[in-house]
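Novice: My questions all concern the structure below.
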Amino acid sequence: MFEAALRPFRRACYGVSLRMRVHLRPDRRTVEIAGRRRVAQLLAELGILPGTAMVIRGDLLLTESEVVEDGDEVEIRAVISGGLA
């Protein structure tokens with residue numbers, strides 16, 4: 001909640017655009033990406049099918065139509081489902 005309110009302040013303080021940090025789980029890998037985009041576009045750029053992952057910013061689950069931008073820190077977790085044995 002406060003994270004979104006702080007974005008413009010952080011940009012003004014640093015004077016430069018911060019890159020978005022994307023933590024990929026369970027790969028234990030972090031990538032930095034510049035620029036604003038919708039979650040669906042982010043997943044496509046990373047080669048991840050939308051139905052196979054959850055995108056989380058802070059403690060909010062993001063939908064494919066929501067926008068992520070420079071300065072955001074998001075986590076992409078693989079969706080794993082089990083079946084009957």
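Naming works like this for the structure tokens: A, B, ... for the chains as they're shown, residue 1 at the start of each chain, ligands 1 onward in shown order.
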Could you give me, as a list in words, each residue of region 10-81 of chain A that DSSP assigns to strand (DSSP E or B) when run on this structure's backbone?

Specialist: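 So, restricting region 10-81 of chain A to strand (DSSP E or B), we get Met20, Arg21, Val22, His23, Leu24, Arg25, Arg29, Thr30, Val31, Glu32, Ile33, Arg37, Arg38, Ala53, Met54, Val55, Ile56, Arg57, Leu60, Leu61, Leu62, Val67, Val68, Glu73, Val74, Glu75, Ile76, Arg77 and Ala78 of chain A.
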
Novice: Those same residues - C-alpha atoms - I'd like them written as a CSV table (one decimal), in the first residue's frame.

Specialist:
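Everything below was put into result_29.csv:
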chain,number,residue,atom,x,y,z
A,20,MET,CA,12.4,-3.3,-11.7
A,21,ARG,CA,13.7,-6.3,-9.7
A,22,VAL,CA,12.1,-9.6,-10.6
A,23,HIS,CA,12.7,-12.6,-8.3
A,24,LEU,CA,12.0,-15.9,-10.1
A,25,ARG,CA,11.0,-18.8,-7.8
A,29,ARG,CA,17.2,-16.1,-9.8
A,30,THR,CA,16.8,-12.4,-9.9
A,31,VAL,CA,16.7,-10.2,-13.0
A,32,GLU,CA,16.5,-6.5,-13.4
A,33,ILE,CA,14.3,-5.0,-16.1
A,37,ARG,CA,4.7,-2.8,-18.7
A,38,ARG,CA,1.6,-4.9,-17.9
A,53,ALA,CA,2.8,-18.4,-12.5
A,54,MET,CA,1.7,-16.0,-9.9
A,55,VAL,CA,3.1,-12.4,-9.8
A,56,ILE,CA,3.3,-10.9,-6.4
A,57,ARG,CA,4.3,-7.3,-5.4
A,60,LEU,CA,-0.5,-8.3,-3.3
A,61,LEU,CA,-1.2,-10.9,-6.0
A,62,LEU,CA,-1.2,-9.1,-9.4
A,67,VAL,CA,1.1,-2.5,-14.5
A,68,VAL,CA,4.6,-3.0,-13.0
A,73,GLU,CA,10.1,-5.4,-6.7
A,74,VAL,CA,8.0,-8.4,-7.8
A,75,GLU,CA,8.2,-12.1,-7.2
A,76,ILE,CA,7.1,-14.7,-9.8
A,77,ARG,CA,6.3,-18.0,-8.3
A,78,ALA,CA,5.6,-21.2,-10.3

Novice: Please identify all polymer residues within 12 Å of Gly51 (chain A), counting only C-alpha atoms, omitting same-chain residues fewer than 6 positions from it, and present them as a list in words.

Specialist: Ala40, Leu43, Ala44, Thr63, Glu64, Ile76, Arg77, Ala78, Val79, Ile80 and Ser81 of chain A

Novice: Let's have the selection written as a short mmCIF file (atom, residue, chain, number, x, y, z; two decimals), in the first residue's frame, with N, CA and C atoms.

Specialist:
data_model
loop_
_atom_site.label_atom_id
_atom_site.label_comp_id
_atom_site.auth_asym_id
_atom_site.auth_seq_id
_atom_site.Cartn_x
_atom_site.Cartn_y
_atom_site.Cartn_z
N ALA A 40 1.16 -9.26 -17.96
CA ALA A 40 1.13 -10.23 -19.06
C ALA A 40 2.33 -10.06 -19.98
N LEU A 43 5.54 -11.37 -18.23
CA LEU A 43 5.62 -12.83 -18.29
C LEU A 43 6.03 -13.30 -19.68
N ALA A 44 5.46 -12.69 -20.71
CA ALA A 44 5.80 -13.08 -22.09
C ALA A 44 7.28 -12.84 -22.37
N THR A 63 -2.83 -9.20 -11.17
CA THR A 63 -3.48 -9.81 -12.33
C THR A 63 -2.66 -9.48 -13.58
N GLU A 64 -2.98 -10.13 -14.67
CA GLU A 64 -2.24 -9.93 -15.93
C GLU A 64 -2.37 -8.52 -16.47
N ILE A 76 7.92 -13.77 -8.94
CA ILE A 76 7.15 -14.66 -9.81
C ILE A 76 7.34 -16.07 -9.30
N ARG A 77 6.24 -16.67 -8.86
CA ARG A 77 6.28 -18.03 -8.33
C ARG A 77 5.57 -18.98 -9.27
N ALA A 78 6.17 -20.13 -9.48
CA ALA A 78 5.56 -21.17 -10.30
C ALA A 78 4.34 -21.72 -9.58
N VAL A 79 3.28 -21.92 -10.35
CA VAL A 79 2.06 -22.52 -9.81
C VAL A 79 2.20 -24.03 -9.97
N ILE A 80 2.11 -24.72 -8.87
CA ILE A 80 2.24 -26.17 -8.89
C ILE A 80 0.96 -26.78 -8.36
N SER A 81 0.40 -27.68 -9.14
CA SER A 81 -0.82 -28.34 -8.68
C SER A 81 -0.59 -29.84 -8.65
#

Novice: Under the rule that only C-alpha atoms are counted, which of A:Ile48, A:Ser65, A:Asp59, A:Asp70 is the nearest residue to Arg36 (chain A)?

Specialist: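 Closest residue, counting only C-alpha atoms: A:Asp70.
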